[in-house]
Amino acid sequence: MIERLYLQNCLSFDEVELNLDGNLIIFSGPSGAGKSILMEALLALFGLKESEAKLIEASIEGKLGLDEIGIDEDEPNIFKLVKQKSSRYFINHQQISKKSLKNFSAKFVNYLTLKDVSEFENENLLQSIDEIGKQLDRSYKGLLEEFREGFEELQNKKRRLSQLQEEQSKIEELKEFAKFEIQKIEEIDPKVDEYEELLSKKRQLSKKEKIEEAISEASQIFAYEHKVSEALSLLDEQCEIFDEAMNELKVIFESAGERLEELSDINIEALLDRLDSLSSLKNRHGSIEAALEYLQKKREELEGYENIAFELEHLEDEIESLSQRVQNVAEEISKRRTKTLKAFSTKMESYLNLLYLEGLKIALSQDELYHLGIDRVSVELSGTPIEKVSSGELNRIRLSFLAAYSSFVQGSRGVLIVDEIDANLSGKESMSIAKVLEDLAQSYQIFAISHQPQLSSKAHSHYLVYKEEGKSRVKLLSKEERVDELARMISGDNISEKAVEFAKSLLN
(Lines give C-alpha, C1' and ligand atoms only; values in the text may rest on other atoms or scores of the structure.)
Protein backbone atom coordinates (compact mmCIF):
# COMPACT_ATOMS: atom_id res chain seq x y z
CA MET A 1 0.00 0.00 0.00
CA ILE A 2 2.83 2.42 0.91
CA GLU A 3 5.01 2.58 -2.19
CA ARG A 4 7.42 5.33 -1.10
CA LEU A 5 8.60 6.62 2.28
CA TYR A 6 10.75 9.74 2.68
CA LEU A 7 12.06 11.50 5.79
CA GLN A 8 14.45 14.35 6.39
CA ASN A 9 16.40 15.60 9.41
CA CYS A 10 15.15 12.93 11.80
CA LEU A 11 17.60 12.72 14.72
CA SER A 12 20.50 10.55 13.48
CA PHE A 13 19.01 10.34 9.94
CA ASP A 14 19.85 13.16 7.53
CA GLU A 15 17.68 11.84 4.72
CA VAL A 16 16.00 8.52 3.89
CA GLU A 17 14.07 7.56 0.77
CA LEU A 18 12.65 4.05 0.46
CA ASN A 19 10.88 2.79 -2.65
CA LEU A 20 9.05 -0.16 -1.16
CA ASP A 21 8.28 -3.49 -2.77
CA GLY A 22 6.45 -6.51 -1.38
CA ASN A 23 4.14 -6.81 1.62
CA LEU A 24 6.50 -8.13 4.31
CA ILE A 25 9.14 -5.46 4.95
CA ILE A 26 11.72 -6.15 7.65
CA PHE A 27 14.21 -3.76 9.26
CA SER A 28 17.16 -5.24 11.10
CA GLY A 29 20.51 -4.00 12.30
CA PRO A 30 22.60 -3.43 15.42
CA SER A 31 21.04 -1.94 18.53
CA GLY A 32 21.08 1.87 18.48
CA ALA A 33 21.32 2.05 14.68
CA GLY A 34 17.97 3.87 14.40
CA LYS A 35 15.38 1.19 13.62
CA SER A 36 12.91 2.44 16.23
CA ILE A 37 13.43 6.04 15.09
CA LEU A 38 12.49 4.96 11.57
CA MET A 39 9.41 3.10 12.78
CA GLU A 40 8.31 6.00 15.00
CA ALA A 41 8.56 8.32 12.00
CA LEU A 42 6.25 6.02 10.05
CA LEU A 43 3.78 5.97 12.95
CA ALA A 44 4.04 9.75 13.36
CA LEU A 45 2.98 10.20 9.75
CA PHE A 46 -0.41 8.71 10.72
CA GLY A 47 -0.74 10.67 13.97
CA LEU A 48 0.07 7.62 16.13
CA LYS A 49 3.36 8.86 17.65
CA GLU A 50 5.60 11.91 17.88
CA SER A 51 8.74 12.32 15.78
CA GLU A 52 11.59 14.81 15.63
CA ALA A 53 11.72 14.61 11.82
CA LYS A 54 11.40 17.93 9.99
CA LEU A 55 9.69 16.24 7.08
CA ILE A 56 8.03 12.83 6.62
CA GLU A 57 6.21 11.90 3.44
CA ALA A 58 4.62 8.74 2.07
CA SER A 59 2.95 7.86 -1.22
CA ILE A 60 0.05 5.46 -0.69
CA GLU A 61 -1.60 3.67 -3.58
CA GLY A 62 -5.22 2.56 -3.62
CA LYS A 63 -8.53 4.13 -2.61
CA LEU A 64 -8.68 5.08 1.07
CA GLY A 65 -12.15 6.62 1.34
CA LEU A 66 -10.80 10.14 1.90
CA ASP A 67 -14.11 11.69 0.84
CA GLU A 68 -15.52 10.97 4.31
CA ILE A 69 -13.09 13.55 5.77
CA GLY A 70 -13.63 16.01 2.91
CA ILE A 71 -10.40 15.31 1.01
CA ASP A 72 -10.22 14.36 -2.66
CA GLU A 73 -8.62 11.02 -3.58
CA ASP A 74 -5.46 11.12 -5.67
CA GLU A 75 -3.25 8.48 -7.27
CA PRO A 76 -1.15 8.02 -5.27
CA ASN A 77 -2.39 9.70 -2.09
CA ILE A 78 0.34 11.77 -0.43
CA PHE A 79 0.57 11.88 3.38
CA LYS A 80 2.95 14.50 4.77
CA LEU A 81 4.15 15.70 8.18
CA VAL A 82 6.00 19.02 8.35
CA LYS A 83 7.59 20.09 11.65
CA GLN A 84 8.82 23.57 12.41
CA LYS A 85 7.70 24.97 15.76
CA SER A 86 4.90 22.43 15.77
CA SER A 87 3.82 19.49 13.63
CA ARG A 88 1.40 20.01 10.76
CA TYR A 89 -0.25 17.18 8.85
CA PHE A 90 -1.38 17.09 5.21
CA ILE A 91 -3.14 14.64 2.91
CA ASN A 92 -2.96 15.48 -0.79
CA HIS A 93 -1.77 19.01 0.14
CA GLN A 94 -4.84 19.63 2.34
CA GLN A 95 -4.13 20.26 6.02
CA ILE A 96 -5.79 17.97 8.57
CA SER A 97 -5.77 17.96 12.37
CA LYS A 98 -3.80 15.27 14.19
CA LYS A 99 -6.96 13.98 15.86
CA SER A 100 -8.82 13.63 12.55
CA LEU A 101 -5.77 12.01 10.93
CA LYS A 102 -5.40 9.51 13.77
CA ASN A 103 -9.10 8.58 13.71
CA PHE A 104 -9.05 8.14 9.93
CA SER A 105 -5.76 6.21 9.84
CA ALA A 106 -7.07 3.77 12.44
CA LYS A 107 -9.19 2.27 9.65
CA PHE A 108 -6.19 0.99 7.71
CA VAL A 109 -3.18 1.18 10.07
CA ASN A 110 -2.68 -1.41 12.83
CA TYR A 111 0.14 -1.09 15.36
CA LEU A 112 0.87 -4.25 17.33
CA THR A 113 3.18 -2.93 20.05
CA LEU A 114 0.56 -0.47 21.21
CA LYS A 115 -1.39 -2.08 24.07
CA ASP A 116 -4.75 -1.33 22.50
CA VAL A 117 -7.66 -3.65 23.23
CA SER A 118 -10.26 -1.59 21.36
CA GLU A 119 -10.58 -4.25 18.66
CA PHE A 120 -11.72 -6.66 21.39
CA GLU A 121 -14.47 -4.32 22.59
CA ASN A 122 -17.98 -5.69 22.20
CA GLU A 123 -19.04 -3.53 19.26
CA ASN A 124 -15.83 -4.07 17.26
CA LEU A 125 -15.83 -7.81 17.88
CA LEU A 126 -19.46 -8.15 16.80
CA GLN A 127 -18.68 -6.15 13.68
CA SER A 128 -15.79 -8.53 12.88
CA ILE A 129 -17.97 -11.60 13.51
CA ASP A 130 -20.68 -10.14 11.25
CA GLU A 131 -18.15 -9.42 8.48
CA ILE A 132 -17.01 -13.04 8.61
CA GLY A 133 -20.64 -14.20 8.75
CA LYS A 134 -21.41 -12.31 5.55
CA GLN A 135 -18.59 -14.20 3.83
CA LEU A 136 -19.93 -17.58 5.01
CA ASP A 137 -23.66 -16.98 4.44
CA ARG A 138 -25.18 -14.87 1.66
CA SER A 139 -28.40 -14.23 3.59
CA TYR A 140 -26.49 -12.85 6.61
CA LYS A 141 -26.19 -9.32 5.20
CA GLY A 142 -29.93 -9.04 4.51
CA LEU A 143 -30.69 -10.26 8.03
CA LEU A 144 -28.45 -7.56 9.54
CA GLU A 145 -30.08 -4.86 7.41
CA GLU A 146 -33.55 -6.10 8.37
CA PHE A 147 -32.60 -5.87 12.05
CA ARG A 148 -31.04 -2.41 11.70
CA GLU A 149 -34.09 -0.99 9.92
CA GLY A 150 -36.51 -2.67 12.32
CA PHE A 151 -34.62 -1.56 15.43
CA GLU A 152 -34.43 2.03 14.15
CA GLU A 153 -38.17 2.04 13.46
CA LEU A 154 -38.81 0.56 16.91
CA GLN A 155 -36.74 3.28 18.59
CA ASN A 156 -38.60 6.00 16.67
CA LYS A 157 -41.95 4.57 17.76
CA LYS A 158 -40.79 4.31 21.37
CA ARG A 159 -39.67 7.93 21.32
CA ARG A 160 -43.09 8.93 19.94
CA LEU A 161 -44.81 6.85 22.62
CA SER A 162 -42.76 8.54 25.34
CA GLN A 163 -43.67 11.93 23.92
CA LEU A 164 -47.38 11.05 23.84
CA GLN A 165 -47.29 9.69 27.38
CA GLU A 166 -45.65 12.89 28.57
CA GLU A 167 -48.27 14.92 26.76
CA GLN A 168 -51.03 12.75 28.19
CA SER A 169 -49.92 13.55 31.73
CA LYS A 170 -50.50 17.21 30.93
CA ILE A 171 -53.45 16.62 28.62
CA GLU A 172 -56.22 17.96 30.83
CA GLU A 173 -54.31 21.11 31.58
CA LEU A 174 -53.55 21.58 27.88
CA LYS A 175 -57.15 20.88 26.89
CA GLU A 176 -58.49 23.41 29.42
CA PHE A 177 -56.04 26.02 28.21
CA ALA A 178 -56.98 25.42 24.55
CA LYS A 179 -60.71 25.61 25.40
CA PHE A 180 -60.15 28.85 27.33
CA GLU A 181 -58.25 30.43 24.42
CA ILE A 182 -60.92 29.30 21.94
CA GLN A 183 -63.75 30.63 24.13
CA LYS A 184 -62.11 34.06 24.51
CA ILE A 185 -61.96 34.56 20.75
CA GLU A 186 -65.30 32.89 19.96
CA GLU A 187 -67.10 35.14 22.48
CA ILE A 188 -65.88 38.17 20.59
CA ASP A 189 -66.48 36.46 17.22
CA PRO A 190 -64.37 38.95 15.24
CA LYS A 191 -64.82 39.54 11.52
CA VAL A 192 -62.17 40.62 9.06
CA ASP A 193 -62.29 44.46 8.46
CA GLU A 194 -64.90 44.89 11.22
CA TYR A 195 -62.57 46.94 13.41
CA GLU A 196 -61.88 49.46 10.63
CA GLU A 197 -65.61 49.83 9.83
CA LEU A 198 -66.52 50.48 13.47
CA LEU A 199 -63.67 52.95 13.82
CA SER A 200 -65.06 54.85 10.81
CA LYS A 201 -68.53 55.01 12.41
CA LYS A 202 -66.99 56.24 15.65
CA ARG A 203 -65.32 59.10 13.76
CA GLN A 204 -68.64 59.96 12.10
CA LEU A 205 -70.49 59.99 15.44
CA SER A 206 -67.89 62.31 16.91
CA LYS A 207 -68.75 64.86 14.10
CA LYS A 208 -72.57 64.32 14.18
CA GLU A 209 -73.48 67.43 16.25
CA LYS A 210 -71.20 69.70 14.25
CA ILE A 211 -72.67 68.38 10.99
CA GLU A 212 -76.25 68.94 12.22
CA GLU A 213 -75.44 72.49 13.36
CA ALA A 214 -73.69 73.32 10.09
CA ILE A 215 -76.59 71.95 7.99
CA SER A 216 -79.14 73.88 10.12
CA GLU A 217 -77.35 77.17 9.60
CA ALA A 218 -76.62 76.53 5.92
CA SER A 219 -80.30 75.61 5.26
CA GLN A 220 -81.27 79.29 5.77
CA ILE A 221 -80.07 79.86 2.21
CA PHE A 222 -83.26 78.25 0.92
CA ALA A 223 -85.37 81.12 2.46
CA TYR A 224 -83.77 83.50 -0.03
CA GLU A 225 -83.87 81.20 -3.06
CA HIS A 226 -86.88 82.91 -4.68
CA LYS A 227 -85.32 86.37 -4.16
CA VAL A 228 -82.18 85.30 -6.01
CA SER A 229 -84.26 83.86 -8.86
CA GLU A 230 -86.35 87.09 -9.07
CA ALA A 231 -83.20 89.25 -9.19
CA LEU A 232 -81.70 87.17 -11.96
CA SER A 233 -84.92 87.40 -13.97
CA LEU A 234 -85.06 91.22 -13.64
CA LEU A 235 -81.48 91.37 -14.81
CA ASP A 236 -82.37 89.19 -17.82
CA GLU A 237 -79.72 86.66 -16.66
CA GLN A 238 -80.00 82.89 -17.00
CA CYS A 239 -80.95 81.29 -13.66
CA GLU A 240 -80.70 77.60 -14.68
CA ILE A 241 -77.19 77.19 -13.17
CA PHE A 242 -78.37 78.63 -9.84
CA ASP A 243 -81.45 76.42 -9.81
CA GLU A 244 -79.41 73.28 -10.55
CA ALA A 245 -76.94 74.12 -7.79
CA MET A 246 -79.72 74.67 -5.28
CA ASN A 247 -81.39 71.38 -6.23
CA GLU A 248 -78.10 69.48 -5.84
CA LEU A 249 -77.53 71.12 -2.47
CA LYS A 250 -81.00 70.00 -1.32
CA VAL A 251 -80.17 66.41 -2.35
CA ILE A 252 -76.87 66.52 -0.41
CA PHE A 253 -78.54 67.91 2.72
CA GLU A 254 -81.35 65.35 2.53
CA SER A 255 -78.82 62.48 2.14
CA ALA A 256 -76.80 63.80 5.05
CA GLY A 257 -79.92 63.94 7.11
CA GLU A 258 -80.70 60.31 6.40
CA ARG A 259 -77.17 59.30 7.41
CA LEU A 260 -77.40 61.33 10.58
CA GLU A 261 -80.72 59.66 11.36
CA GLU A 262 -79.04 56.24 10.93
CA LEU A 263 -76.22 57.30 13.26
CA SER A 264 -78.87 58.32 15.81
CA ASP A 265 -79.97 54.67 15.93
CA ILE A 266 -76.44 53.46 16.86
CA ASN A 267 -75.81 52.50 20.50
CA ILE A 268 -72.61 54.40 21.13
CA GLU A 269 -71.79 52.45 24.31
CA ALA A 270 -72.14 49.12 22.51
CA LEU A 271 -69.97 50.37 19.65
CA LEU A 272 -67.23 51.51 22.04
CA ASP A 273 -67.38 48.19 23.94
CA ARG A 274 -67.08 46.29 20.68
CA LEU A 275 -64.09 48.39 19.63
CA ASP A 276 -62.41 47.71 23.00
CA SER A 277 -62.89 43.95 22.59
CA LEU A 278 -61.51 43.96 19.06
CA SER A 279 -58.66 46.23 20.11
CA SER A 280 -57.63 43.77 22.86
CA LEU A 281 -57.45 40.99 20.23
CA LYS A 282 -55.36 43.19 17.93
CA ASN A 283 -52.97 44.09 20.76
CA ARG A 284 -52.51 40.44 21.74
CA HIS A 285 -52.24 38.85 18.30
CA GLY A 286 -51.14 41.72 16.08
CA SER A 287 -54.24 41.72 13.87
CA ILE A 288 -57.76 40.31 13.65
CA GLU A 289 -56.53 37.95 10.92
CA ALA A 290 -53.80 36.63 13.23
CA ALA A 291 -56.34 36.14 16.01
CA LEU A 292 -58.53 34.07 13.69
CA GLU A 293 -55.49 31.97 12.65
CA TYR A 294 -54.68 31.39 16.33
CA LEU A 295 -58.28 30.34 16.92
CA GLN A 296 -58.02 27.73 14.15
CA LYS A 297 -54.70 26.48 15.53
CA LYS A 298 -56.17 26.01 19.01
CA ARG A 299 -59.17 24.16 17.59
CA GLU A 300 -56.79 21.77 15.79
CA GLU A 301 -54.72 21.32 18.97
CA LEU A 302 -57.83 20.51 20.96
CA GLU A 303 -58.84 17.95 18.35
CA GLY A 304 -55.33 16.46 18.53
CA TYR A 305 -55.47 16.19 22.33
CA GLU A 306 -58.74 14.38 22.10
CA ASN A 307 -57.17 11.93 19.59
CA ILE A 308 -54.09 11.18 21.75
CA ALA A 309 -55.76 8.38 23.68
CA PHE A 310 -56.60 6.61 20.42
CA GLU A 311 -53.07 7.13 19.02
CA LEU A 312 -51.50 5.85 22.25
CA GLU A 313 -53.43 2.63 22.14
CA HIS A 314 -52.66 2.13 18.45
CA LEU A 315 -48.94 2.91 18.94
CA GLU A 316 -48.61 0.52 21.88
CA ASP A 317 -50.01 -2.29 19.73
CA GLU A 318 -47.57 -1.44 16.92
CA ILE A 319 -44.59 -1.40 19.32
CA GLU A 320 -45.53 -4.76 20.80
CA SER A 321 -45.80 -6.33 17.35
CA LEU A 322 -42.61 -4.70 16.03
CA SER A 323 -40.64 -5.59 19.19
CA GLN A 324 -41.47 -9.24 18.71
CA ARG A 325 -40.47 -9.14 15.06
CA VAL A 326 -37.13 -7.40 15.81
CA GLN A 327 -36.49 -9.80 18.70
CA ASN A 328 -37.03 -12.75 16.36
CA VAL A 329 -34.55 -11.32 13.84
CA ALA A 330 -32.03 -10.66 16.65
CA GLU A 331 -32.35 -14.27 17.84
CA GLU A 332 -31.76 -15.54 14.30
CA ILE A 333 -28.68 -13.30 14.01
CA SER A 334 -27.48 -14.66 17.36
CA LYS A 335 -27.69 -18.21 15.99
CA ARG A 336 -25.67 -17.18 12.92
CA ARG A 337 -23.11 -15.41 15.13
CA THR A 338 -22.73 -18.49 17.32
CA LYS A 339 -22.04 -20.60 14.24
CA THR A 340 -19.67 -17.98 12.79
CA LEU A 341 -17.81 -17.56 16.06
CA LYS A 342 -17.26 -21.31 16.27
CA ALA A 343 -15.58 -21.33 12.83
CA PHE A 344 -13.59 -18.19 13.65
CA SER A 345 -12.47 -19.53 17.07
CA THR A 346 -11.30 -22.76 15.47
CA LYS A 347 -9.22 -20.84 12.94
CA MET A 348 -7.87 -18.49 15.60
CA GLU A 349 -7.01 -21.42 17.86
CA SER A 350 -4.89 -22.92 15.10
CA TYR A 351 -2.85 -19.72 14.93
CA LEU A 352 -2.62 -19.50 18.73
CA ASN A 353 -1.31 -23.05 18.86
CA LEU A 354 1.25 -22.11 16.25
CA LEU A 355 2.24 -19.20 18.51
CA TYR A 356 2.38 -21.45 21.59
CA LEU A 357 -0.50 -19.74 23.36
CA GLU A 358 -3.45 -21.60 24.87
CA GLY A 359 -6.58 -20.88 26.86
CA LEU A 360 -8.18 -18.08 24.81
CA LYS A 361 -11.97 -18.03 25.07
CA ILE A 362 -14.29 -15.85 23.02
CA ALA A 363 -17.87 -16.30 24.22
CA LEU A 364 -21.28 -14.94 23.28
CA SER A 365 -23.89 -14.22 25.92
CA GLN A 366 -27.39 -12.87 25.45
CA ASP A 367 -28.61 -9.54 26.79
CA GLU A 368 -31.60 -7.25 26.45
CA LEU A 369 -32.30 -6.04 22.91
CA TYR A 370 -30.05 -3.11 21.88
CA HIS A 371 -28.76 -1.56 18.66
CA LEU A 372 -26.45 -4.54 17.90
CA GLY A 373 -28.97 -7.25 18.70
CA ILE A 374 -29.03 -9.37 21.85
CA ASP A 375 -25.40 -10.56 21.89
CA ARG A 376 -22.48 -9.51 24.08
CA VAL A 377 -18.95 -10.80 23.47
CA SER A 378 -16.38 -11.49 26.17
CA VAL A 379 -12.71 -12.39 25.63
CA GLU A 380 -10.39 -13.89 28.23
CA LEU A 381 -7.15 -15.83 28.36
CA SER A 382 -7.14 -18.66 30.90
CA GLY A 383 -9.74 -16.80 32.95
CA THR A 384 -7.97 -13.41 32.70
CA PRO A 385 -9.90 -10.60 30.95
CA ILE A 386 -8.26 -9.50 27.73
CA GLU A 387 -7.47 -6.00 29.04
CA LYS A 388 -5.34 -7.50 31.84
CA VAL A 389 -3.12 -9.92 29.88
CA SER A 390 0.55 -9.08 29.33
CA SER A 391 1.70 -7.08 26.31
CA GLY A 392 3.45 -10.12 24.83
CA GLU A 393 0.34 -12.26 25.15
CA LEU A 394 -1.87 -9.48 23.83
CA ASN A 395 0.27 -9.00 20.73
CA ARG A 396 0.17 -12.71 19.92
CA ILE A 397 -3.60 -12.74 20.43
CA ARG A 398 -3.97 -9.72 18.16
CA LEU A 399 -1.71 -11.35 15.59
CA SER A 400 -3.85 -14.51 15.67
CA PHE A 401 -7.01 -12.43 15.45
CA LEU A 402 -5.79 -10.55 12.37
CA ALA A 403 -4.57 -13.74 10.69
CA ALA A 404 -7.81 -15.64 11.37
CA TYR A 405 -9.95 -12.69 10.29
CA SER A 406 -7.97 -12.22 7.08
CA SER A 407 -8.41 -15.91 6.22
CA PHE A 408 -12.19 -15.33 6.07
CA VAL A 409 -12.36 -11.73 4.77
CA GLN A 410 -10.21 -11.49 1.67
CA GLY A 411 -8.61 -8.36 0.25
CA SER A 412 -6.08 -5.85 1.55
CA ARG A 413 -6.68 -4.72 5.10
CA GLY A 414 -4.09 -1.94 5.10
CA VAL A 415 -0.83 -1.49 6.96
CA LEU A 416 0.39 -3.53 9.92
CA ILE A 417 3.33 -2.21 11.98
CA VAL A 418 5.01 -4.57 14.46
CA ASP A 419 7.93 -3.58 16.65
CA GLU A 420 10.26 -6.40 17.79
CA ILE A 421 7.37 -8.82 18.20
CA ASP A 422 9.87 -11.70 18.16
CA ALA A 423 12.16 -10.21 20.84
CA ASN A 424 13.32 -12.59 23.59
CA LEU A 425 11.67 -15.60 21.93
CA SER A 426 13.18 -18.97 21.20
CA GLY A 427 13.97 -19.98 17.63
CA LYS A 428 10.87 -22.16 17.57
CA GLU A 429 8.62 -19.32 18.78
CA SER A 430 10.28 -16.84 16.40
CA MET A 431 9.60 -19.10 13.45
CA SER A 432 5.94 -19.41 14.47
CA ILE A 433 5.66 -15.60 14.51
CA ALA A 434 7.36 -15.48 11.12
CA LYS A 435 4.91 -17.98 9.61
CA VAL A 436 1.87 -16.10 10.90
CA LEU A 437 3.21 -12.78 9.58
CA GLU A 438 3.96 -14.45 6.25
CA ASP A 439 0.30 -15.51 6.08
CA LEU A 440 -0.84 -12.03 7.06
CA ALA A 441 1.29 -10.46 4.35
CA GLN A 442 -1.27 -11.76 1.85
CA SER A 443 -3.72 -9.20 3.26
CA TYR A 444 -1.53 -6.53 4.91
CA GLN A 445 1.56 -4.56 4.09
CA ILE A 446 3.69 -5.35 7.14
CA PHE A 447 6.53 -3.25 8.56
CA ALA A 448 8.51 -5.06 11.27
CA ILE A 449 11.67 -4.59 13.30
CA SER A 450 13.34 -7.90 14.00
CA HIS A 451 16.43 -9.15 15.81
CA GLN A 452 15.74 -12.76 14.90
CA PRO A 453 16.79 -14.49 11.66
CA GLN A 454 13.56 -16.51 11.36
CA LEU A 455 11.28 -13.53 10.68
CA SER A 456 13.95 -11.66 8.70
CA SER A 457 14.36 -14.65 6.39
CA LYS A 458 10.69 -14.39 5.36
CA ALA A 459 10.98 -10.75 4.28
CA HIS A 460 9.90 -9.68 0.80
CA SER A 461 12.16 -6.64 1.30
CA HIS A 462 14.89 -6.72 3.93
CA TYR A 463 16.47 -3.41 4.96
CA LEU A 464 19.60 -3.01 7.06
CA VAL A 465 19.69 0.00 9.38
CA TYR A 466 23.25 0.88 10.42
CA LYS A 467 25.43 3.82 11.45
CA GLU A 468 28.29 5.29 9.51
CA GLU A 469 30.32 8.23 10.82
CA GLY A 470 27.65 8.83 13.46
CA LYS A 471 24.82 9.00 10.92
CA SER A 472 22.08 6.41 10.48
CA ARG A 473 21.70 4.80 7.06
CA VAL A 474 19.17 2.43 5.49
CA LYS A 475 20.10 -0.09 2.84
CA LEU A 476 18.03 -2.59 0.86
CA LEU A 477 19.90 -5.90 1.07
CA SER A 478 20.63 -8.18 -1.85
CA LYS A 479 20.33 -11.95 -1.37
CA GLU A 480 24.04 -12.30 -0.64
CA GLU A 481 23.91 -9.40 1.82
CA ARG A 482 20.90 -10.95 3.51
CA VAL A 483 22.89 -14.11 4.15
CA ASP A 484 25.53 -12.03 5.94
CA GLU A 485 22.92 -10.14 7.99
CA LEU A 486 21.09 -13.31 9.01
CA ALA A 487 24.41 -14.91 9.96
CA ARG A 488 25.24 -11.85 12.11
CA MET A 489 21.89 -12.25 13.88
CA ILE A 490 22.69 -15.93 14.52
CA SER A 491 26.28 -15.72 15.74
CA GLY A 492 27.00 -12.04 16.39
CA ASP A 493 29.72 -9.94 14.80
CA ASN A 494 32.09 -12.91 14.61
CA ILE A 495 30.25 -14.78 11.86
CA SER A 496 30.84 -18.53 11.79
CA GLU A 497 30.53 -20.93 8.87
CA LYS A 498 27.68 -22.70 10.66
CA ALA A 499 25.83 -19.40 10.96
CA VAL A 500 26.27 -18.77 7.23
CA GLU A 501 24.98 -22.24 6.38
CA PHE A 502 22.01 -21.84 8.68
CA ALA A 503 21.26 -18.41 7.16
CA LYS A 504 21.30 -19.91 3.66
CA SER A 505 18.99 -22.73 4.76
CA LEU A 506 16.52 -20.20 6.19
CA LEU A 507 16.48 -18.22 2.97
CA ASN A 508 16.11 -21.34 0.83
# chains A, B, ... in the order shown; residues from 1 in each chain; ligands from 1
>>> select_by_dssp(residues="stretch 68-109 of chain A", states="strand (DSSP E or B)", output="ChimeraX atom specification")
/A:77-83,87-91,94-96,109
>>> write_last_selection(atoms="N, CA and C atoms", output="PDB file, in the first residue's frame")
ATOM      1  N   ASN A  77      -2.073   8.739  -3.144  1.00  0.00           N
ATOM      2  CA  ASN A  77      -2.388   9.699  -2.094  1.00  0.00           C
ATOM      3  C   ASN A  77      -1.104  10.028  -1.328  1.00  0.00           C
ATOM      4  N   ILE A  78      -0.887  11.319  -1.082  1.00  0.00           N
ATOM      5  CA  ILE A  78       0.344  11.767  -0.434  1.00  0.00           C
ATOM      6  C   ILE A  78       0.042  12.203   1.001  1.00  0.00           C
ATOM      7  N   PHE A  79       0.644  11.496   1.967  1.00  0.00           N
ATOM      8  CA  PHE A  79       0.572  11.879   3.377  1.00  0.00           C
ATOM      9  C   PHE A  79       1.868  12.604   3.728  1.00  0.00           C
ATOM     10  N   LYS A  80       1.743  13.721   4.467  1.00  0.00           N
ATOM     11  CA  LYS A  80       2.954  14.498   4.770  1.00  0.00           C
ATOM     12  C   LYS A  80       2.871  15.075   6.178  1.00  0.00           C
ATOM     13  N   LEU A  81       4.006  15.035   6.886  1.00  0.00           N
ATOM     14  CA  LEU A  81       4.154  15.703   8.180  1.00  0.00           C
ATOM     15  C   LEU A  81       5.280  16.710   8.045  1.00  0.00           C
ATOM     16  N   VAL A  82       4.993  17.966   8.396  1.00  0.00           N
ATOM     17  CA  VAL A  82       6.004  19.020   8.353  1.00  0.00           C
ATOM     18  C   VAL A  82       6.141  19.575   9.764  1.00  0.00           C
ATOM     19  N   LYS A  83       7.382  19.604  10.281  1.00  0.00           N
ATOM     20  CA  LYS A  83       7.590  20.090  11.648  1.00  0.00           C
ATOM     21  C   LYS A  83       8.514  21.288  11.637  1.00  0.00           C
ATOM     22  N   SER A  87       4.051  20.424  14.740  1.00  0.00           N
ATOM     23  CA  SER A  87       3.823  19.491  13.634  1.00  0.00           C
ATOM     24  C   SER A  87       2.532  19.833  12.905  1.00  0.00           C
ATOM     25  N   ARG A  88       2.595  19.817  11.587  1.00  0.00           N
ATOM     26  CA  ARG A  88       1.403  20.006  10.763  1.00  0.00           C
ATOM     27  C   ARG A  88       1.271  18.810   9.830  1.00  0.00           C
ATOM     28  N   TYR A  89       0.022  18.400   9.611  1.00  0.00           N
ATOM     29  CA  TYR A  89      -0.254  17.177   8.853  1.00  0.00           C
ATOM     30  C   TYR A  89      -1.043  17.520   7.585  1.00  0.00           C
ATOM     31  N   PHE A  90      -0.719  16.830   6.497  1.00  0.00           N
ATOM     32  CA  PHE A  90      -1.379  17.085   5.213  1.00  0.00           C
ATOM     33  C   PHE A  90      -1.697  15.757   4.528  1.00  0.00           C
ATOM     34  N   ILE A  91      -2.829  15.735   3.829  1.00  0.00           N
ATOM     35  CA  ILE A  91      -3.137  14.637   2.910  1.00  0.00           C
ATOM     36  C   ILE A  91      -3.497  15.272   1.574  1.00  0.00           C
ATOM     37  N   GLN A  94      -3.802  19.001   1.514  1.00  0.00           N
ATOM     38  CA  GLN A  94      -4.839  19.627   2.343  1.00  0.00           C
ATOM     39  C   GLN A  94      -4.530  19.353   3.806  1.00  0.00           C
ATOM     40  N   GLN A  95      -4.494  20.416   4.607  1.00  0.00           N
ATOM     41  CA  GLN A  95      -4.128  20.260   6.018  1.00  0.00           C
ATOM     42  C   GLN A  95      -5.243  19.551   6.781  1.00  0.00           C
ATOM     43  N   ILE A  96      -4.840  18.743   7.768  1.00  0.00           N
ATOM     44  CA  ILE A  96      -5.788  17.974   8.569  1.00  0.00           C
ATOM     45  C   ILE A  96      -5.282  17.968  10.010  1.00  0.00           C
ATOM     46  N   VAL A 109      -4.494   1.349   9.454  1.00  0.00           N
ATOM     47  CA  VAL A 109      -3.183   1.181  10.068  1.00  0.00           C
ATOM     48  C   VAL A 109      -3.353   0.468  11.410  1.00  0.00           C
TER      49      VAL A 109
END
>>> residues_around(residues="A:Val16", least_positions_apart="6", cutoff="12 Å", atoms="only C-alpha atoms", output="ChimeraX atom specification")
/A:4-10,34,37-38,41-42,53,55-58,463,465,471-476
>>> residues_around(residues="stretch 479-490 of chain A", least_positions_apart="6", cutoff="7 Å", atoms="only C-alpha atoms", output="list in words")
His451, Gln452, Pro453, Ala499, Val500, Ala503 and Lys504 of chain A
>>> residues_around(residues="stretch 384-395 of chain A", least_positions_apart="2", cutoff="12 Å", atoms="only C-alpha atoms", output="ChimeraX atom specification")
/A:110-122,352,355-363,377-382,397-402,417-425,433
>>> closest_residue(among="A:Val329, A:Leu271, A:Leu302, A:Met431", to="A:Glu173", atoms="only C-alpha atoms")
A:Leu302
>>> closest_residue(among="A:Ser443, A:Asn92, A:Ser406, A:Gln454", to="A:Lys347", atoms="only C-alpha atoms")
A:Ser406
>>> select_by_dssp(residues="stretch 392-485 of chain A", states="alpha helix (DSSP H)", output="VMD selection string")
chain A and resid 392 to 408 427 to 440 453 to 457 479 to 485
